[in-house]
$ cat data-v1.txt   # compact mmCIF, N, CA and C atoms
# COMPACT_ATOMS: atom_id res chain seq x y z
N MET G 1 -10.39 -15.99 22.94
CA MET G 1 -10.61 -14.76 22.18
C MET G 1 -12.09 -14.39 22.29
N GLU G 2 -12.33 -13.12 22.39
CA GLU G 2 -13.70 -12.58 22.42
C GLU G 2 -14.42 -13.02 21.14
N PRO G 3 -15.63 -13.61 21.25
CA PRO G 3 -16.33 -14.10 20.04
C PRO G 3 -16.50 -13.04 18.96
N ALA G 4 -16.85 -11.81 19.34
CA ALA G 4 -17.02 -10.76 18.33
C ALA G 4 -15.71 -10.47 17.61
N LEU G 5 -14.61 -10.56 18.33
CA LEU G 5 -13.32 -10.28 17.70
C LEU G 5 -12.91 -11.40 16.76
N SER G 6 -13.30 -12.64 17.03
CA SER G 6 -12.96 -13.73 16.12
C SER G 6 -13.71 -13.58 14.79
N GLU G 7 -14.92 -13.04 14.84
CA GLU G 7 -15.64 -12.75 13.59
C GLU G 7 -14.90 -11.70 12.77
N TRP G 8 -14.36 -10.70 13.46
CA TRP G 8 -13.60 -9.66 12.77
C TRP G 8 -12.32 -10.24 12.19
N ALA G 9 -11.69 -11.16 12.91
CA ALA G 9 -10.47 -11.80 12.40
C ALA G 9 -10.76 -12.50 11.08
N ALA G 10 -11.88 -13.20 11.01
CA ALA G 10 -12.26 -13.89 9.77
C ALA G 10 -12.54 -12.88 8.66
N PHE G 11 -13.20 -11.77 9.02
CA PHE G 11 -13.49 -10.73 8.03
C PHE G 11 -12.21 -10.16 7.43
N PHE G 12 -11.25 -9.81 8.30
CA PHE G 12 -10.00 -9.23 7.80
C PHE G 12 -9.17 -10.27 7.05
N ALA G 13 -9.20 -11.52 7.48
CA ALA G 13 -8.47 -12.57 6.78
C ALA G 13 -9.01 -12.77 5.37
N ALA G 14 -10.32 -12.61 5.20
CA ALA G 14 -10.92 -12.78 3.89
C ALA G 14 -10.43 -11.72 2.90
N GLY G 15 -10.01 -10.57 3.39
CA GLY G 15 -9.51 -9.50 2.52
C GLY G 15 -8.01 -9.47 2.37
N ALA G 16 -7.33 -10.53 2.80
CA ALA G 16 -5.87 -10.55 2.80
C ALA G 16 -5.27 -10.38 1.40
N ALA G 17 -5.88 -10.97 0.39
CA ALA G 17 -5.33 -10.87 -0.97
C ALA G 17 -5.38 -9.42 -1.47
N LYS G 18 -6.50 -8.75 -1.22
CA LYS G 18 -6.61 -7.34 -1.63
C LYS G 18 -5.62 -6.48 -0.86
N ARG G 19 -5.49 -6.75 0.44
CA ARG G 19 -4.55 -5.98 1.25
C ARG G 19 -3.13 -6.17 0.74
N ALA G 20 -2.76 -7.39 0.41
CA ALA G 20 -1.41 -7.66 -0.10
C ALA G 20 -1.18 -6.93 -1.43
N ALA G 21 -2.20 -6.91 -2.28
CA ALA G 21 -2.07 -6.21 -3.56
C ALA G 21 -1.90 -4.70 -3.34
N ALA G 22 -2.65 -4.15 -2.41
CA ALA G 22 -2.54 -2.72 -2.11
C ALA G 22 -1.17 -2.41 -1.51
N GLU G 23 -0.69 -3.27 -0.61
CA GLU G 23 0.63 -3.05 -0.01
C GLU G 23 1.74 -3.17 -1.06
N ALA G 24 1.50 -3.95 -2.09
CA ALA G 24 2.48 -4.10 -3.17
C ALA G 24 2.46 -2.91 -4.12
N GLY G 25 1.49 -2.01 -3.92
CA GLY G 25 1.43 -0.80 -4.74
C GLY G 25 0.64 -0.95 -6.02
N LEU G 26 -0.14 -2.01 -6.14
CA LEU G 26 -0.96 -2.16 -7.34
C LEU G 26 -2.06 -1.10 -7.31
N PRO G 27 -2.11 -0.25 -8.33
CA PRO G 27 -3.01 0.91 -8.29
C PRO G 27 -4.49 0.57 -8.26
N ARG G 28 -4.90 -0.56 -8.79
CA ARG G 28 -6.32 -0.89 -8.83
C ARG G 28 -6.66 -2.03 -7.86
N ALA G 29 -5.88 -2.15 -6.81
CA ALA G 29 -6.10 -3.23 -5.84
C ALA G 29 -7.48 -3.09 -5.19
N VAL G 30 -7.83 -1.87 -4.84
CA VAL G 30 -9.15 -1.59 -4.26
C VAL G 30 -9.65 -0.27 -4.80
N SER G 31 -10.94 -0.13 -4.83
CA SER G 31 -11.53 1.14 -5.27
C SER G 31 -11.51 2.12 -4.09
N PRO G 32 -11.66 3.40 -4.38
CA PRO G 32 -11.74 4.37 -3.29
C PRO G 32 -12.87 4.04 -2.31
N ARG G 33 -13.98 3.56 -2.81
CA ARG G 33 -15.12 3.18 -1.96
C ARG G 33 -14.73 2.02 -1.04
N GLU G 34 -14.06 1.00 -1.61
CA GLU G 34 -13.63 -0.14 -0.80
C GLU G 34 -12.64 0.30 0.29
N ALA G 35 -11.75 1.21 -0.06
CA ALA G 35 -10.78 1.71 0.91
C ALA G 35 -11.49 2.45 2.04
N ASP G 36 -12.47 3.29 1.71
CA ASP G 36 -13.22 4.01 2.74
C ASP G 36 -13.99 3.04 3.63
N ASP G 37 -14.61 2.04 3.02
CA ASP G 37 -15.36 1.04 3.80
C ASP G 37 -14.43 0.28 4.74
N LEU G 38 -13.27 -0.11 4.25
CA LEU G 38 -12.33 -0.85 5.07
C LEU G 38 -11.81 0.02 6.22
N LEU G 39 -11.57 1.28 5.97
CA LEU G 39 -11.13 2.19 7.03
C LEU G 39 -12.19 2.28 8.13
N ARG G 40 -13.44 2.42 7.74
CA ARG G 40 -14.52 2.47 8.73
C ARG G 40 -14.61 1.15 9.50
N ASP G 41 -14.47 0.03 8.79
CA ASP G 41 -14.50 -1.27 9.46
C ASP G 41 -13.35 -1.41 10.45
N ALA G 42 -12.18 -0.95 10.07
CA ALA G 42 -11.02 -1.04 10.96
C ALA G 42 -11.23 -0.17 12.20
N GLU G 43 -11.83 1.01 12.03
CA GLU G 43 -12.12 1.88 13.17
C GLU G 43 -13.12 1.21 14.12
N THR G 44 -14.13 0.56 13.55
CA THR G 44 -15.12 -0.16 14.37
C THR G 44 -14.44 -1.29 15.13
N PHE G 45 -13.60 -2.06 14.43
CA PHE G 45 -12.88 -3.16 15.08
C PHE G 45 -12.00 -2.63 16.22
N LEU G 46 -11.29 -1.56 15.97
CA LEU G 46 -10.41 -0.99 16.99
C LEU G 46 -11.20 -0.60 18.23
N SER G 47 -12.34 0.03 18.05
CA SER G 47 -13.17 0.42 19.17
C SER G 47 -13.64 -0.80 19.96
N LEU G 48 -14.08 -1.86 19.26
CA LEU G 48 -14.52 -3.07 19.94
C LEU G 48 -13.37 -3.73 20.69
N ALA G 49 -12.19 -3.77 20.08
CA ALA G 49 -11.02 -4.38 20.74
C ALA G 49 -10.62 -3.58 21.97
N GLU G 50 -10.64 -2.26 21.88
CA GLU G 50 -10.31 -1.43 23.04
C GLU G 50 -11.29 -1.70 24.18
N ASN G 51 -12.58 -1.79 23.85
CA ASN G 51 -13.59 -2.04 24.87
C ASN G 51 -13.42 -3.44 25.48
N ALA G 52 -13.14 -4.44 24.64
CA ALA G 52 -12.96 -5.81 25.14
C ALA G 52 -11.75 -5.90 26.06
N LEU G 53 -10.71 -5.13 25.77
CA LEU G 53 -9.49 -5.16 26.58
C LEU G 53 -9.55 -4.20 27.77
N GLY G 54 -10.55 -3.34 27.77
CA GLY G 54 -10.67 -2.37 28.86
C GLY G 54 -9.63 -1.28 28.83
N VAL G 55 -9.17 -0.93 27.64
CA VAL G 55 -8.19 0.15 27.53
C VAL G 55 -8.88 1.39 26.98
N PRO G 56 -8.39 2.57 27.35
CA PRO G 56 -9.02 3.79 26.84
C PRO G 56 -8.81 3.92 25.34
N SER G 57 -9.81 4.49 24.69
CA SER G 57 -9.69 4.66 23.24
C SER G 57 -8.71 5.78 22.93
N GLN G 58 -8.08 5.65 21.80
CA GLN G 58 -7.12 6.65 21.33
C GLN G 58 -7.79 7.52 20.29
N PRO G 59 -7.54 8.82 20.29
CA PRO G 59 -8.15 9.67 19.25
C PRO G 59 -7.57 9.31 17.89
N LEU G 60 -8.43 9.33 16.88
CA LEU G 60 -7.99 9.04 15.53
C LEU G 60 -7.29 10.27 14.94
N LEU G 61 -6.25 10.02 14.18
CA LEU G 61 -5.54 11.10 13.52
C LEU G 61 -6.27 11.45 12.23
N PRO G 62 -6.25 12.72 11.84
CA PRO G 62 -6.90 13.08 10.58
C PRO G 62 -6.13 12.48 9.40
N LEU G 63 -6.87 12.11 8.37
CA LEU G 63 -6.26 11.55 7.18
C LEU G 63 -6.05 12.64 6.15
N LEU G 64 -4.95 12.54 5.44
CA LEU G 64 -4.72 13.44 4.32
C LEU G 64 -5.42 12.87 3.10
N THR G 65 -6.04 13.71 2.32
CA THR G 65 -6.71 13.24 1.12
C THR G 65 -5.83 13.52 -0.08
N ALA G 66 -5.87 12.60 -1.04
CA ALA G 66 -5.09 12.78 -2.27
C ALA G 66 -5.76 13.84 -3.13
N GLY G 67 -4.96 14.57 -3.87
CA GLY G 67 -5.54 15.51 -4.80
C GLY G 67 -5.12 16.84 -4.50
$ encode --input "data-v1.txt" --output "structure tokens"
Amino acid sequence: MEPALSEWAAFFAAGAAKRAAAEAGLPRAVSPREADDLLRDAETFLSLAENALGVPSQPLLPLLTAG
């Protein structure tokens, strides 16, 4: 495994409990700020993984905002 990607694996594994709570529908599992930060982190990871694998990047879909 690419060394940079293994660091990301550890990062995402550390947040597994919060992710499970959010997937279970618990309303206060993460704050809006935490959710935004995690989304940005996931986008960064995806870009690094695409580059490591030599595959073209995919355009991100726009997100719908609540409210």
$ select_by_dssp --input "data-v1.txt" --residues "chain G" --states "alpha helix (DSSP H)" --output "MDAnalysis selection string"
chainID G and resid 3:14 16:23 32:53
$ atom_distance --input "data-v1.txt" --atom1 "atom CA of Ala17 of chain G" --atom2 "atom CA of Ala29 of chain G"
9.1 Å
$ closest_residue --input "data-v1.txt" --among "G:Lys18, G:Ser47, G:Leu60, G:Leu5" --to "Glu34 of chain G" --atoms "only C-alpha atoms"
G:Lys18
$ residues_around --input "data-v1.txt" --residues "Leu61 of chain G" --least-positions-apart "3" --cutoff "12 Å" --atoms "only C-alpha atoms" --output "mmCIF file with N, CA and C atoms, in the frame of the given file"
data_model
loop_
_atom_site.group_PDB
_atom_site.id
_atom_site.type_symbol
_atom_site.label_atom_id
_atom_site.label_comp_id
_atom_site.auth_asym_id
_atom_site.auth_seq_id
_atom_site.Cartn_x
_atom_site.Cartn_y
_atom_site.Cartn_z
ATOM 1 N N GLU G 43 -11.830 1.010 12.030
ATOM 2 C CA GLU G 43 -12.120 1.880 13.170
ATOM 3 C C GLU G 43 -13.120 1.210 14.120
ATOM 4 N N GLN G 58 -8.080 5.650 21.800
ATOM 5 C CA GLN G 58 -7.120 6.650 21.330
ATOM 6 C C GLN G 58 -7.790 7.520 20.290
ATOM 7 N N LEU G 64 -4.950 12.540 5.440
ATOM 8 C CA LEU G 64 -4.720 13.440 4.320
ATOM 9 C C LEU G 64 -5.420 12.870 3.100
#
$ atom_distance --input "data-v1.txt" --atom1 "atom CA of Leu48 of chain G" --atom2 "atom CA of Glu2 of chain G"
9.9 Å
$ atom_distance --input "data-v1.txt" --atom1 "atom CA of Ala16 of chain G" --atom2 "atom CA of Leu63 of chain G"
22.5 Å
$ closest_residue --input "data-v1.txt" --among "G:Ala42, G:Ala24, G:Pro56, G:Arg33" --to "Phe11 of chain G" --atoms "only C-alpha atoms"
G:Ala42
$ residues_around --input "data-v1.txt" --residues "Leu46 of chain G" --least-positions-apart "5" --cutoff "8 Å" --atoms "only N, CA and C atoms" --output "CSV table (one decimal) with N, CA and C atoms, in the coordinates of the input"
chain,number,residue,atom,x,y,z
G,40,ARG,N,-13.4,2.4,7.7
G,40,ARG,CA,-14.5,2.5,8.7
G,40,ARG,C,-14.6,1.2,9.5
G,41,ASP,N,-14.5,0.0,8.8
G,41,ASP,CA,-14.5,-1.3,9.5
G,41,ASP,C,-13.4,-1.4,10.4
G,51,ASN,N,-12.6,-1.8,23.8
G,51,ASN,CA,-13.6,-2.0,24.9
G,51,ASN,C,-13.4,-3.4,25.5
G,52,ALA,N,-13.1,-4.4,24.6
G,52,ALA,CA,-13.0,-5.8,25.1
G,52,ALA,C,-11.8,-5.9,26.1
G,57,SER,N,-9.8,4.5,24.7
G,57,SER,CA,-9.7,4.7,23.2
G,57,SER,C,-8.7,5.8,22.9
G,58,GLN,N,-8.1,5.6,21.8
G,58,GLN,CA,-7.1,6.6,21.3
G,58,GLN,C,-7.8,7.5,20.3
$ decode --input "data-v1.txt" --residues "segment 31-47 of chain G" --atoms "all heavy atoms" --output "PDB file, in the first residue's frame"
ATOM      1  N   SER G  31     -20.833  17.391  14.401  1.00  0.00           N
ATOM      2  CA  SER G  31     -21.293  18.768  14.193  1.00  0.00           C
ATOM      3  C   SER G  31     -21.226  19.087  12.700  1.00  0.00           C
ATOM      4  O   SER G  31     -20.534  18.399  11.935  1.00  0.00           O
ATOM      5  CB  SER G  31     -20.397  19.734  14.972  1.00  0.00           C
ATOM      6  OG  SER G  31     -19.111  19.793  14.371  1.00  0.00           O
ATOM      7  N   PRO G  32     -21.926  20.131  12.278  1.00  0.00           N
ATOM      8  CA  PRO G  32     -21.815  20.539  10.872  1.00  0.00           C
ATOM      9  C   PRO G  32     -20.372  20.828  10.470  1.00  0.00           C
ATOM     10  O   PRO G  32     -19.942  20.501   9.379  1.00  0.00           O
ATOM     11  CB  PRO G  32     -22.681  21.796  10.789  1.00  0.00           C
ATOM     12  CG  PRO G  32     -23.692  21.616  11.879  1.00  0.00           C
ATOM     13  CD  PRO G  32     -22.944  20.922  12.990  1.00  0.00           C
ATOM     14  N   ARG G  33     -19.600  21.416  11.359  1.00  0.00           N
ATOM     15  CA  ARG G  33     -18.181  21.710  11.083  1.00  0.00           C
ATOM     16  C   ARG G  33     -17.396  20.416  10.880  1.00  0.00           C
ATOM     17  O   ARG G  33     -16.599  20.299   9.950  1.00  0.00           O
ATOM     18  CB  ARG G  33     -17.598  22.534  12.236  1.00  0.00           C
ATOM     19  CG  ARG G  33     -16.100  22.678  12.240  1.00  0.00           C
ATOM     20  CD  ARG G  33     -15.631  23.639  11.150  1.00  0.00           C
ATOM     21  NE  ARG G  33     -14.206  23.641  11.017  1.00  0.00           N
ATOM     22  CZ  ARG G  33     -13.410  24.584  11.486  1.00  0.00           C
ATOM     23  NH1 ARG G  33     -13.910  25.606  12.137  1.00  0.00           N
ATOM     24  NH2 ARG G  33     -12.116  24.509  11.293  1.00  0.00           N
ATOM     25  N   GLU G  34     -17.629  19.425  11.758  1.00  0.00           N
ATOM     26  CA  GLU G  34     -16.939  18.141  11.621  1.00  0.00           C
ATOM     27  C   GLU G  34     -17.304  17.462  10.299  1.00  0.00           C
ATOM     28  O   GLU G  34     -16.446  16.879   9.635  1.00  0.00           O
ATOM     29  CB  GLU G  34     -17.282  17.210  12.780  1.00  0.00           C
ATOM     30  CG  GLU G  34     -16.666  17.608  14.100  1.00  0.00           C
ATOM     31  CD  GLU G  34     -17.167  16.741  15.253  1.00  0.00           C
ATOM     32  OE1 GLU G  34     -18.404  16.553  15.374  1.00  0.00           O
ATOM     33  OE2 GLU G  34     -16.320  16.256  16.016  1.00  0.00           O
ATOM     34  N   ALA G  35     -18.565  17.550   9.924  1.00  0.00           N
ATOM     35  CA  ALA G  35     -19.012  16.950   8.667  1.00  0.00           C
ATOM     36  C   ALA G  35     -18.332  17.622   7.479  1.00  0.00           C
ATOM     37  O   ALA G  35     -17.863  16.943   6.559  1.00  0.00           O
ATOM     38  CB  ALA G  35     -20.527  17.041   8.548  1.00  0.00           C
ATOM     39  N   ASP G  36     -18.249  18.955   7.496  1.00  0.00           N
ATOM     40  CA  ASP G  36     -17.579  19.680   6.413  1.00  0.00           C
ATOM     41  C   ASP G  36     -16.098  19.313   6.346  1.00  0.00           C
ATOM     42  O   ASP G  36     -15.550  19.096   5.261  1.00  0.00           O
ATOM     43  CB  ASP G  36     -17.718  21.191   6.604  1.00  0.00           C
ATOM     44  CG  ASP G  36     -19.109  21.705   6.307  1.00  0.00           C
ATOM     45  OD1 ASP G  36     -19.883  20.988   5.630  1.00  0.00           O
ATOM     46  OD2 ASP G  36     -19.425  22.826   6.735  1.00  0.00           O
ATOM     47  N   ASP G  37     -15.454  19.236   7.512  1.00  0.00           N
ATOM     48  CA  ASP G  37     -14.034  18.873   7.551  1.00  0.00           C
ATOM     49  C   ASP G  37     -13.821  17.464   7.008  1.00  0.00           C
ATOM     50  O   ASP G  37     -12.884  17.223   6.239  1.00  0.00           O
ATOM     51  CB  ASP G  37     -13.488  18.959   8.981  1.00  0.00           C
ATOM     52  CG  ASP G  37     -13.377  20.384   9.491  1.00  0.00           C
ATOM     53  OD1 ASP G  37     -13.468  21.340   8.691  1.00  0.00           O
ATOM     54  OD2 ASP G  37     -13.200  20.545  10.717  1.00  0.00           O
ATOM     55  N   LEU G  38     -14.675  16.540   7.390  1.00  0.00           N
ATOM     56  CA  LEU G  38     -14.533  15.166   6.923  1.00  0.00           C
ATOM     57  C   LEU G  38     -14.763  15.077   5.413  1.00  0.00           C
ATOM     58  O   LEU G  38     -14.061  14.337   4.718  1.00  0.00           O
ATOM     59  CB  LEU G  38     -15.494  14.229   7.663  1.00  0.00           C
ATOM     60  CG  LEU G  38     -15.360  12.755   7.315  1.00  0.00           C
ATOM     61  CD1 LEU G  38     -13.935  12.249   7.525  1.00  0.00           C
ATOM     62  CD2 LEU G  38     -16.342  11.933   8.119  1.00  0.00           C
ATOM     63  N   LEU G  39     -15.706  15.828   4.902  1.00  0.00           N
ATOM     64  CA  LEU G  39     -15.944  15.839   3.458  1.00  0.00           C
ATOM     65  C   LEU G  39     -14.700  16.331   2.712  1.00  0.00           C
ATOM     66  O   LEU G  39     -14.274  15.724   1.732  1.00  0.00           O
ATOM     67  CB  LEU G  39     -17.153  16.707   3.119  1.00  0.00           C
ATOM     68  CG  LEU G  39     -17.486  16.816   1.637  1.00  0.00           C
ATOM     69  CD1 LEU G  39     -17.783  15.443   1.039  1.00  0.00           C
ATOM     70  CD2 LEU G  39     -18.658  17.748   1.435  1.00  0.00           C
ATOM     71  N   ARG G  40     -14.100  17.403   3.201  1.00  0.00           N
ATOM     72  CA  ARG G  40     -12.874  17.904   2.570  1.00  0.00           C
ATOM     73  C   ARG G  40     -11.749  16.874   2.667  1.00  0.00           C
ATOM     74  O   ARG G  40     -10.997  16.661   1.710  1.00  0.00           O
ATOM     75  CB  ARG G  40     -12.445  19.227   3.202  1.00  0.00           C
ATOM     76  CG  ARG G  40     -13.170  20.426   2.628  1.00  0.00           C
ATOM     77  CD  ARG G  40     -12.572  21.733   3.114  1.00  0.00           C
ATOM     78  NE  ARG G  40     -12.711  21.910   4.554  1.00  0.00           N
ATOM     79  CZ  ARG G  40     -13.814  22.337   5.153  1.00  0.00           C
ATOM     80  NH1 ARG G  40     -14.878  22.642   4.435  1.00  0.00           N
ATOM     81  NH2 ARG G  40     -13.861  22.476   6.459  1.00  0.00           N
ATOM     82  N   ASP G  41     -11.631  16.222   3.819  1.00  0.00           N
ATOM     83  CA  ASP G  41     -10.603  15.194   3.978  1.00  0.00           C
ATOM     84  C   ASP G  41     -10.835  14.030   3.017  1.00  0.00           C
ATOM     85  O   ASP G  41      -9.885  13.503   2.428  1.00  0.00           O
ATOM     86  CB  ASP G  41     -10.577  14.671   5.421  1.00  0.00           C
ATOM     87  CG  ASP G  41     -10.061  15.699   6.415  1.00  0.00           C
ATOM     88  OD1 ASP G  41      -9.346  16.639   5.996  1.00  0.00           O
ATOM     89  OD2 ASP G  41     -10.377  15.569   7.613  1.00  0.00           O
ATOM     90  N   ALA G  42     -12.077  13.633   2.850  1.00  0.00           N
ATOM     91  CA  ALA G  42     -12.397  12.528   1.938  1.00  0.00           C
ATOM     92  C   ALA G  42     -12.075  12.922   0.496  1.00  0.00           C
ATOM     93  O   ALA G  42     -11.564  12.102  -0.282  1.00  0.00           O
ATOM     94  CB  ALA G  42     -13.861  12.136   2.070  1.00  0.00           C
ATOM     95  N   GLU G  43     -12.338  14.170   0.119  1.00  0.00           N
ATOM     96  CA  GLU G  43     -12.016  14.639  -1.226  1.00  0.00           C
ATOM     97  C   GLU G  43     -10.504  14.629  -1.450  1.00  0.00           C
ATOM     98  O   GLU G  43     -10.025  14.242  -2.516  1.00  0.00           O
ATOM     99  CB  GLU G  43     -12.589  16.038  -1.453  1.00  0.00           C
ATOM    100  CG  GLU G  43     -14.099  16.057  -1.553  1.00  0.00           C
ATOM    101  CD  GLU G  43     -14.698  17.451  -1.537  1.00  0.00           C
ATOM    102  OE1 GLU G  43     -13.967  18.433  -1.230  1.00  0.00           O
ATOM    103  OE2 GLU G  43     -15.892  17.571  -1.834  1.00  0.00           O
ATOM    104  N   THR G  44      -9.748  15.040  -0.437  1.00  0.00           N
ATOM    105  CA  THR G  44      -8.282  15.020  -0.533  1.00  0.00           C
ATOM    106  C   THR G  44      -7.790  13.588  -0.685  1.00  0.00           C
ATOM    107  O   THR G  44      -6.941  13.293  -1.532  1.00  0.00           O
ATOM    108  CB  THR G  44      -7.655  15.679   0.711  1.00  0.00           C
ATOM    109  OG1 THR G  44      -8.094  17.032   0.789  1.00  0.00           O
ATOM    110  CG2 THR G  44      -6.134  15.630   0.659  1.00  0.00           C
ATOM    111  N   PHE G  45      -8.328  12.680   0.142  1.00  0.00           N
ATOM    112  CA  PHE G  45      -7.940  11.270   0.053  1.00  0.00           C
ATOM    113  C   PHE G  45      -8.255  10.709  -1.331  1.00  0.00           C
ATOM    114  O   PHE G  45      -7.431  10.020  -1.929  1.00  0.00           O
ATOM    115  CB  PHE G  45      -8.668  10.448   1.121  1.00  0.00           C
ATOM    116  CG  PHE G  45      -8.544   8.973   0.884  1.00  0.00           C
ATOM    117  CD1 PHE G  45      -7.364   8.310   1.160  1.00  0.00           C
ATOM    118  CD2 PHE G  45      -9.597   8.256   0.360  1.00  0.00           C
ATOM    119  CE1 PHE G  45      -7.234   6.947   0.922  1.00  0.00           C
ATOM    120  CE2 PHE G  45      -9.483   6.899   0.119  1.00  0.00           C
ATOM    121  CZ  PHE G  45      -8.297   6.240   0.409  1.00  0.00           C
ATOM    122  N   LEU G  46      -9.418  11.001  -1.842  1.00  0.00           N
ATOM    123  CA  LEU G  46      -9.818  10.495  -3.154  1.00  0.00           C
ATOM    124  C   LEU G  46      -8.848  10.966  -4.231  1.00  0.00           C
ATOM    125  O   LEU G  46      -8.408  10.178  -5.077  1.00  0.00           O
ATOM    126  CB  LEU G  46     -11.241  10.932  -3.493  1.00  0.00           C
ATOM    127  CG  LEU G  46     -11.773  10.481  -4.845  1.00  0.00           C
ATOM    128  CD1 LEU G  46     -11.791   8.959  -4.948  1.00  0.00           C
ATOM    129  CD2 LEU G  46     -13.174  11.043  -5.066  1.00  0.00           C
ATOM    130  N   SER G  47      -8.469  12.221  -4.194  1.00  0.00           N
ATOM    131  CA  SER G  47      -7.522  12.755  -5.161  1.00  0.00           C
ATOM    132  C   SER G  47      -6.171  12.045  -5.063  1.00  0.00           C
ATOM    133  O   SER G  47      -5.575  11.668  -6.077  1.00  0.00           O
ATOM    134  CB  SER G  47      -7.360  14.260  -4.943  1.00  0.00           C
ATOM    135  OG  SER G  47      -6.416  14.789  -5.833  1.00  0.00           O
TER     136      SER G  47
END
